[in-house]
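Here is the file input-v6.cif (mmCIF, C-alpha atoms).
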data_coords
#
loop_
_atom_site.group_PDB
_atom_site.id
_atom_site.type_symbol
_atom_site.label_atom_id
_atom_site.label_comp_id
_atom_site.auth_asym_id
_atom_site.auth_seq_id
_atom_site.Cartn_x
_atom_site.Cartn_y
_atom_site.Cartn_z
ATOM 1 C CA GLU V 1 0.000 0.000 0.000
ATOM 2 C CA LYS V 2 2.737 2.482 1.012
ATOM 3 C CA GLU V 3 5.003 1.335 -1.817
ATOM 4 C CA GLU V 4 2.287 2.278 -4.293
ATOM 5 C CA GLN V 5 2.393 5.802 -2.840
ATOM 6 C CA GLY V 6 6.133 5.936 -3.454
ATOM 7 C CA MET V 7 7.252 5.417 0.140
ATOM 8 C CA ASN V 8 10.122 3.072 0.878
ATOM 9 C CA THR V 9 9.120 0.378 3.360
ATOM 10 C CA THR V 10 10.884 -2.542 5.009
ATOM 11 C CA PRO V 11 9.737 -6.012 6.075
ATOM 12 C CA PHE V 12 8.830 -4.323 9.361
ATOM 13 C CA SER V 13 5.887 -2.672 7.654
ATOM 14 C CA ASN V 14 4.006 -5.968 7.546
ATOM 15 C CA ARG V 15 0.860 -5.815 9.601
ATOM 16 C CA THR V 16 0.882 -7.725 12.846
ATOM 17 C CA LYS V 17 -1.993 -8.526 15.159
ATOM 18 C CA SER V 18 -1.968 -7.684 18.826
ATOM 19 C CA LYS V 19 -3.399 -10.040 21.434
ATOM 20 C CA ARG V 20 -6.604 -8.042 21.220
ATOM 21 C CA GLY V 21 -6.786 -8.685 17.482
ATOM 22 C CA ARG V 22 -6.182 -5.107 16.321
ATOM 23 C CA ASP V 23 -3.840 -4.477 13.429
ATOM 24 C CA LYS V 24 -0.797 -2.424 14.230
ATOM 25 C CA LYS V 25 2.262 -1.234 12.364
ATOM 26 C CA PRO V 26 4.926 -0.367 14.934
ATOM 27 C CA PHE V 27 7.757 -0.084 12.402
ATOM 28 C CA VAL V 28 6.930 1.526 9.081
ATOM 29 C CA LYS V 29 9.699 3.650 7.584
ATOM 30 C CA THR V 30 13.230 2.602 6.806
ATOM 31 C CA LEU V 31 16.190 4.283 8.393
ATOM 32 C CA THR V 32 19.214 4.808 6.246
ATOM 33 C CA LEU V 33 22.262 3.870 8.301
ATOM 34 C CA ARG V 34 24.872 6.589 8.366
ATOM 35 C CA GLN V 35 28.501 6.276 9.376
ATOM 36 C CA GLU V 36 27.775 7.692 12.843
ATOM 37 C CA HIS V 37 25.301 4.851 13.513
ATOM 38 C CA TYR V 38 28.021 2.200 13.393
ATOM 39 C CA ARG V 39 29.672 1.452 16.732
ATOM 40 C CA ALA V 40 32.162 -1.074 18.029
ATOM 41 C CA VAL V 41 30.909 -3.225 20.894
ATOM 42 C CA THR V 42 33.619 -3.696 23.479
ATOM 43 C CA PRO V 43 33.886 -6.741 25.766
ATOM 44 C CA MET V 44 34.257 -5.708 29.406
ATOM 45 C CA ALA V 45 36.974 -7.130 31.610
ATOM 46 C CA SER V 46 34.558 -8.824 34.006
ATOM 47 C CA GLU V 47 31.866 -11.438 33.558
ATOM 48 C CA ASP V 48 28.351 -11.263 34.945
ATOM 49 C CA SER V 49 27.193 -13.424 37.871
ATOM 50 C CA ASN V 50 26.297 -16.285 35.487
ATOM 51 C CA GLY V 51 29.760 -16.402 33.927
ATOM 52 C CA PHE V 52 28.752 -14.703 30.668
ATOM 53 C CA GLU V 53 30.863 -12.000 29.093
ATOM 54 C CA ARG V 54 29.587 -8.466 29.497
ATOM 55 C CA TYR V 55 29.715 -5.888 26.745
ATOM 56 C CA GLN V 56 29.735 -2.131 26.668
ATOM 57 C CA TYR V 57 27.523 -0.565 23.999
ATOM 58 C CA PRO V 58 28.369 2.997 22.968
ATOM 59 C CA HIS V 59 25.740 5.714 22.628
ATOM 60 C CA VAL V 60 24.107 5.916 19.184
ATOM 61 C CA PRO V 61 23.056 9.476 18.339
ATOM 62 C CA LEU V 62 19.400 9.900 17.390
ATOM 63 C CA THR V 63 17.682 12.919 15.937
ATOM 64 C CA PHE V 64 14.687 14.470 17.665
ATOM 65 C CA ARG V 65 12.427 12.931 14.990
ATOM 66 C CA GLU V 66 13.888 9.438 15.584
ATOM 67 C CA ARG V 67 13.449 9.791 19.349
ATOM 68 C CA LYS V 68 9.878 11.008 18.905
ATOM 69 C CA ARG V 69 9.076 8.032 16.655
ATOM 70 C CA LEU V 70 10.500 5.599 19.215
ATOM 71 C CA SER V 71 8.516 7.250 22.020
ATOM 72 C CA ASP V 72 5.324 7.109 19.965
ATOM 73 C CA THR V 73 5.921 3.435 19.174
ATOM 74 C CA LEU V 74 6.598 2.687 22.827
ATOM 75 C CA PHE V 75 3.356 4.350 23.956
ATOM 76 C CA PHE V 76 1.390 2.703 21.150
ATOM 77 C CA LEU V 77 2.569 -0.734 22.228
ATOM 78 C CA SER V 78 2.243 -0.006 25.949
ATOM 79 C CA LYS V 79 -1.489 0.651 25.495
ATOM 80 C CA GLU V 80 -1.878 -3.045 24.655
ATOM 81 C CA ILE V 81 -0.915 -4.019 28.224
ATOM 82 C CA PRO V 82 -3.399 -2.887 30.896
ATOM 83 C CA ASP V 83 -2.169 -0.120 33.235
ATOM 84 C CA MET V 84 1.204 0.152 31.482
ATOM 85 C CA THR V 85 1.075 3.645 29.949
ATOM 86 C CA VAL V 86 1.463 5.653 33.170
ATOM 87 C CA PRO V 87 4.472 3.673 34.472
ATOM 88 C CA VAL V 88 6.125 3.937 31.039
ATOM 89 C CA ALA V 89 5.673 7.727 31.046
ATOM 90 C CA SER V 90 7.101 7.945 34.564
ATOM 91 C CA LEU V 91 10.144 5.827 33.678
ATOM 92 C CA LEU V 92 10.825 7.895 30.549
ATOM 93 C CA ARG V 93 10.589 11.139 32.518
ATOM 94 C CA THR V 94 13.089 9.843 35.090
ATOM 95 C CA ALA V 95 15.385 8.515 32.357
ATOM 96 C CA ARG V 96 15.340 11.854 30.535
ATOM 97 C CA ASP V 97 16.300 13.656 33.767
ATOM 98 C CA ARG V 98 19.215 11.234 34.245
ATOM 99 C CA ASN V 99 20.261 11.388 30.577
ATOM 100 C CA GLU V 100 19.472 7.676 30.162
ATOM 101 C CA TRP V 101 16.547 8.010 27.743
ATOM 102 C CA ASP V 102 17.977 5.805 24.962
ATOM 103 C CA LEU V 103 18.725 2.899 27.299
ATOM 104 C CA CYS V 104 15.321 3.215 28.948
ATOM 105 C CA VAL V 105 13.427 3.160 25.638
ATOM 106 C CA SER V 106 15.346 0.156 24.330
ATOM 107 C CA GLU V 107 14.745 -1.821 27.518
ATOM 108 C CA LEU V 108 11.074 -0.847 27.746
ATOM 109 C CA LEU V 109 10.414 -1.677 24.089
ATOM 110 C CA THR V 110 12.000 -5.078 24.618
ATOM 111 C CA GLN V 111 9.967 -5.772 27.754
ATOM 112 C CA ILE V 112 6.694 -4.669 26.174
ATOM 113 C CA VAL V 113 7.222 -6.733 23.013
ATOM 114 C CA VAL V 114 8.052 -9.764 25.179
ATOM 115 C CA GLY V 115 4.974 -9.056 27.312
ATOM 116 C CA LEU V 116 2.775 -8.899 24.229
ATOM 117 C CA TYR V 117 4.090 -11.909 22.345
ATOM 118 C CA CYS V 118 5.390 -14.371 24.943
ATOM 119 C CA ARG V 119 2.976 -16.480 26.944
ATOM 120 C CA GLU V 120 3.402 -17.115 30.638
ATOM 121 C CA GLY V 121 6.112 -19.744 31.086
ATOM 122 C CA ASP V 122 7.731 -19.024 27.685
ATOM 123 C CA HIS V 123 11.254 -19.043 29.132
ATOM 124 C CA ARG V 124 12.847 -19.627 25.717
ATOM 125 C CA LEU V 125 11.071 -16.545 24.294
ATOM 126 C CA ASP V 126 9.534 -18.551 21.448
ATOM 127 C CA GLY V 127 6.790 -15.917 21.140
ATOM 128 C CA LEU V 128 9.404 -13.230 20.564
ATOM 129 C CA GLN V 129 11.162 -15.393 17.992
ATOM 130 C CA ASP V 130 7.879 -15.972 16.114
ATOM 131 C CA TYR V 131 7.139 -12.234 16.172
ATOM 132 C CA LEU V 132 10.577 -11.323 14.832
ATOM 133 C CA LEU V 133 10.396 -13.982 12.130
ATOM 134 C CA ARG V 134 7.031 -12.573 10.974
ATOM 135 C CA LEU V 135 8.713 -9.177 10.680
ATOM 136 C CA GLY V 136 11.496 -10.660 8.593
ATOM 137 C CA VAL V 137 14.197 -10.646 11.271
ATOM 138 C CA ALA V 138 16.196 -13.871 11.279
ATOM 139 C CA CYS V 139 16.923 -15.235 14.733
#

Conversion result in structure tokens:
Amino acid sequence: EKEEQGMNTTPFSNRTKSKRGRDKKPFVKTLTLRQEHYRAVTPMASEDSNGFERYQYPHVPLTFRERKRLSDTLFFLSKEIPDMTVPVASLLRTARDRNEWDLCVSELLTQIVVGLYCREGDHRLDGLQDYLLRLGVAC
């Protein structure tokens, strides 16, 4: 539909159904990766409590428009989980005050997508894998 209007879309533009059966399109437009988006991930000297290596992820600069789109997507998805919108807004406000907005949004988006697509007891995150595969993300 969007391609007919001349807009560039990605596999993420495929419609997905929420648990309530409503269509939603959380990811619509493509983002052209620029040189400043590429970052090296650095292994940290210590391991976590489970013996896994820890990594340090550098800050990826986002424009105001990109941040706004992520916030809108986060609130759109959070409405699918009862009583989630107010806590999300509170966490984002605190994160913005602490200059941790990017980390907060990425973690909240992950938790909300898992909450929407993984059933209780889905410890392997099969629901998340199915969701990502439907979007065209290999995992």

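With atom CA of V:Arg34 on one side and atom CA of V:Lys68 on the other, the separation reads 18.9 Å.
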
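Atom CA of V:Pro43 lies 28.1 Å from atom CA of V:Asp97.
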
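With all atoms listed in the file as the basis for measurement, V:Gln129 is the residue among V:Gln129, V:Ser71, V:Asn99, V:Ser49 that approaches V:Tyr117 most closely.
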
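Computed from the coordinates, the atom CA of V:Asp122 to atom CA of V:Ser106 distance equals 20.9 Å.
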
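What the PyMOL selection byres ((chain V and resi 74) around 9) grabs from this file is Pro26, Arg69, Leu70, Ser71, Asp72, Thr73, Phe75, Phe76, Leu77, Ser78, Lys79, Val88, Val105, Leu108, Leu109 and Ile112 of chain V.
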
Nearest to V:Cys118 by atom-to-atom distance, counting all atoms listed in the file, from V:Cys104, V:Leu92, V:Val86, V:Leu132
V:Leu132

Could you rebuild stretch 114-125 of chain V with all heavy atoms and give me the result as a PDB file, in the coordinates of the input?
ATOM      1  N   VAL V 114       8.064  -8.447  24.540  1.00  0.00           N
ATOM      2  CA  VAL V 114       8.052  -9.764  25.179  1.00  0.00           C
ATOM      3  C   VAL V 114       6.728  -9.977  25.912  1.00  0.00           C
ATOM      4  O   VAL V 114       6.115 -11.046  25.824  1.00  0.00           O
ATOM      5  CB  VAL V 114       9.253  -9.934  26.135  1.00  0.00           C
ATOM      6  CG1 VAL V 114       9.088 -11.153  27.035  1.00  0.00           C
ATOM      7  CG2 VAL V 114      10.545 -10.033  25.337  1.00  0.00           C
ATOM      8  N   GLY V 115       6.253  -8.949  26.609  1.00  0.00           N
ATOM      9  CA  GLY V 115       4.974  -9.056  27.312  1.00  0.00           C
ATOM     10  C   GLY V 115       3.803  -9.300  26.379  1.00  0.00           C
ATOM     11  O   GLY V 115       2.846 -10.006  26.726  1.00  0.00           O
ATOM     12  N   LEU V 116       3.858  -8.733  25.197  1.00  0.00           N
ATOM     13  CA  LEU V 116       2.775  -8.899  24.229  1.00  0.00           C
ATOM     14  C   LEU V 116       2.802 -10.246  23.516  1.00  0.00           C
ATOM     15  O   LEU V 116       1.759 -10.807  23.200  1.00  0.00           O
ATOM     16  CB  LEU V 116       2.812  -7.779  23.182  1.00  0.00           C
ATOM     17  CG  LEU V 116       2.387  -6.395  23.640  1.00  0.00           C
ATOM     18  CD1 LEU V 116       2.672  -5.367  22.552  1.00  0.00           C
ATOM     19  CD2 LEU V 116       0.912  -6.393  24.013  1.00  0.00           C
ATOM     20  N   TYR V 117       3.982 -10.753  23.230  1.00  0.00           N
ATOM     21  CA  TYR V 117       4.090 -11.909  22.345  1.00  0.00           C
ATOM     22  C   TYR V 117       4.545 -13.199  23.011  1.00  0.00           C
ATOM     23  O   TYR V 117       4.518 -14.245  22.372  1.00  0.00           O
ATOM     24  CB  TYR V 117       4.995 -11.569  21.154  1.00  0.00           C
ATOM     25  CG  TYR V 117       4.354 -10.513  20.299  1.00  0.00           C
ATOM     26  CD1 TYR V 117       4.726  -9.186  20.419  1.00  0.00           C
ATOM     27  CD2 TYR V 117       3.342 -10.841  19.405  1.00  0.00           C
ATOM     28  CE1 TYR V 117       4.104  -8.210  19.659  1.00  0.00           C
ATOM     29  CE2 TYR V 117       2.724  -9.870  18.646  1.00  0.00           C
ATOM     30  CZ  TYR V 117       3.107  -8.561  18.778  1.00  0.00           C
ATOM     31  OH  TYR V 117       2.484  -7.594  18.039  1.00  0.00           O
ATOM     32  N   CYS V 118       4.973 -13.152  24.251  1.00  0.00           N
ATOM     33  CA  CYS V 118       5.390 -14.371  24.943  1.00  0.00           C
ATOM     34  C   CYS V 118       4.332 -14.745  25.979  1.00  0.00           C
ATOM     35  O   CYS V 118       3.899 -13.906  26.759  1.00  0.00           O
ATOM     36  CB  CYS V 118       6.748 -14.175  25.628  1.00  0.00           C
ATOM     37  SG  CYS V 118       8.092 -13.945  24.467  1.00  0.00           S
ATOM     38  N   ARG V 119       3.954 -15.997  25.972  1.00  0.00           N
ATOM     39  CA  ARG V 119       2.976 -16.480  26.944  1.00  0.00           C
ATOM     40  C   ARG V 119       3.655 -16.711  28.288  1.00  0.00           C
ATOM     41  O   ARG V 119       4.873 -16.824  28.364  1.00  0.00           O
ATOM     42  CB  ARG V 119       2.364 -17.788  26.465  1.00  0.00           C
ATOM     43  CG  ARG V 119       1.632 -17.665  25.167  1.00  0.00           C
ATOM     44  CD  ARG V 119       1.215 -19.039  24.672  1.00  0.00           C
ATOM     45  NE  ARG V 119       0.824 -18.939  23.292  1.00  0.00           N
ATOM     46  CZ  ARG V 119      -0.376 -19.264  22.847  1.00  0.00           C
ATOM     47  NH1 ARG V 119      -1.267 -19.738  23.666  1.00  0.00           N
ATOM     48  NH2 ARG V 119      -0.659 -19.138  21.579  1.00  0.00           N
ATOM     49  N   GLU V 120       2.856 -16.811  29.314  1.00  0.00           N
ATOM     50  CA  GLU V 120       3.402 -17.115  30.638  1.00  0.00           C
ATOM     51  C   GLU V 120       4.120 -18.456  30.573  1.00  0.00           C
ATOM     52  O   GLU V 120       3.617 -19.422  30.001  1.00  0.00           O
ATOM     53  CB  GLU V 120       2.272 -17.165  31.668  1.00  0.00           C
ATOM     54  CG  GLU V 120       2.773 -17.255  33.076  1.00  0.00           C
ATOM     55  CD  GLU V 120       1.654 -17.124  34.095  1.00  0.00           C
ATOM     56  OE1 GLU V 120       0.596 -16.566  33.755  1.00  0.00           O
ATOM     57  OE2 GLU V 120       1.859 -17.581  35.215  1.00  0.00           O
ATOM     58  N   GLY V 121       5.321 -18.519  31.099  1.00  0.00           N
ATOM     59  CA  GLY V 121       6.112 -19.744  31.086  1.00  0.00           C
ATOM     60  C   GLY V 121       6.964 -19.915  29.835  1.00  0.00           C
ATOM     61  O   GLY V 121       7.649 -20.919  29.694  1.00  0.00           O
ATOM     62  N   ASP V 122       6.938 -18.951  28.930  1.00  0.00           N
ATOM     63  CA  ASP V 122       7.731 -19.024  27.685  1.00  0.00           C
ATOM     64  C   ASP V 122       9.157 -18.567  28.007  1.00  0.00           C
ATOM     65  O   ASP V 122       9.573 -17.474  27.641  1.00  0.00           O
ATOM     66  CB  ASP V 122       7.098 -18.157  26.605  1.00  0.00           C
ATOM     67  CG  ASP V 122       7.839 -18.206  25.281  1.00  0.00           C
ATOM     68  OD1 ASP V 122       8.819 -18.976  25.165  1.00  0.00           O
ATOM     69  OD2 ASP V 122       7.439 -17.474  24.358  1.00  0.00           O
ATOM     70  N   HIS V 123       9.911 -19.414  28.687  1.00  0.00           N
ATOM     71  CA  HIS V 123      11.254 -19.043  29.132  1.00  0.00           C
ATOM     72  C   HIS V 123      12.269 -19.013  27.996  1.00  0.00           C
ATOM     73  O   HIS V 123      13.332 -18.421  28.128  1.00  0.00           O
ATOM     74  CB  HIS V 123      11.728 -20.004  30.231  1.00  0.00           C
ATOM     75  CG  HIS V 123      10.818 -20.011  31.416  1.00  0.00           C
ATOM     76  ND1 HIS V 123      10.697 -18.935  32.268  1.00  0.00           N
ATOM     77  CD2 HIS V 123       9.949 -20.954  31.868  1.00  0.00           C
ATOM     78  CE1 HIS V 123       9.810 -19.211  33.204  1.00  0.00           C
ATOM     79  NE2 HIS V 123       9.337 -20.426  32.979  1.00  0.00           N
ATOM     80  N   ARG V 124      11.949 -19.643  26.887  1.00  0.00           N
ATOM     81  CA  ARG V 124      12.847 -19.627  25.717  1.00  0.00           C
ATOM     82  C   ARG V 124      12.529 -18.469  24.773  1.00  0.00           C
ATOM     83  O   ARG V 124      13.182 -18.306  23.754  1.00  0.00           O
ATOM     84  CB  ARG V 124      12.732 -20.943  24.959  1.00  0.00           C
ATOM     85  CG  ARG V 124      13.280 -22.121  25.732  1.00  0.00           C
ATOM     86  CD  ARG V 124      13.170 -23.376  24.941  1.00  0.00           C
ATOM     87  NE  ARG V 124      13.209 -23.079  23.505  1.00  0.00           N
ATOM     88  CZ  ARG V 124      13.566 -23.910  22.572  1.00  0.00           C
ATOM     89  NH1 ARG V 124      13.886 -25.118  22.901  1.00  0.00           N
ATOM     90  NH2 ARG V 124      13.579 -23.581  21.307  1.00  0.00           N
ATOM     91  N   LEU V 125      11.498 -17.693  25.099  1.00  0.00           N
ATOM     92  CA  LEU V 125      11.071 -16.545  24.294  1.00  0.00           C
ATOM     93  C   LEU V 125      10.684 -16.949  22.866  1.00  0.00           C
ATOM     94  O   LEU V 125      10.965 -16.252  21.899  1.00  0.00           O
ATOM     95  CB  LEU V 125      12.144 -15.452  24.276  1.00  0.00           C
ATOM     96  CG  LEU V 125      12.569 -14.904  25.642  1.00  0.00           C
ATOM     97  CD1 LEU V 125      13.669 -13.873  25.482  1.00  0.00           C
ATOM     98  CD2 LEU V 125      11.385 -14.330  26.392  1.00  0.00           C
TER      99      LEU V 125
END
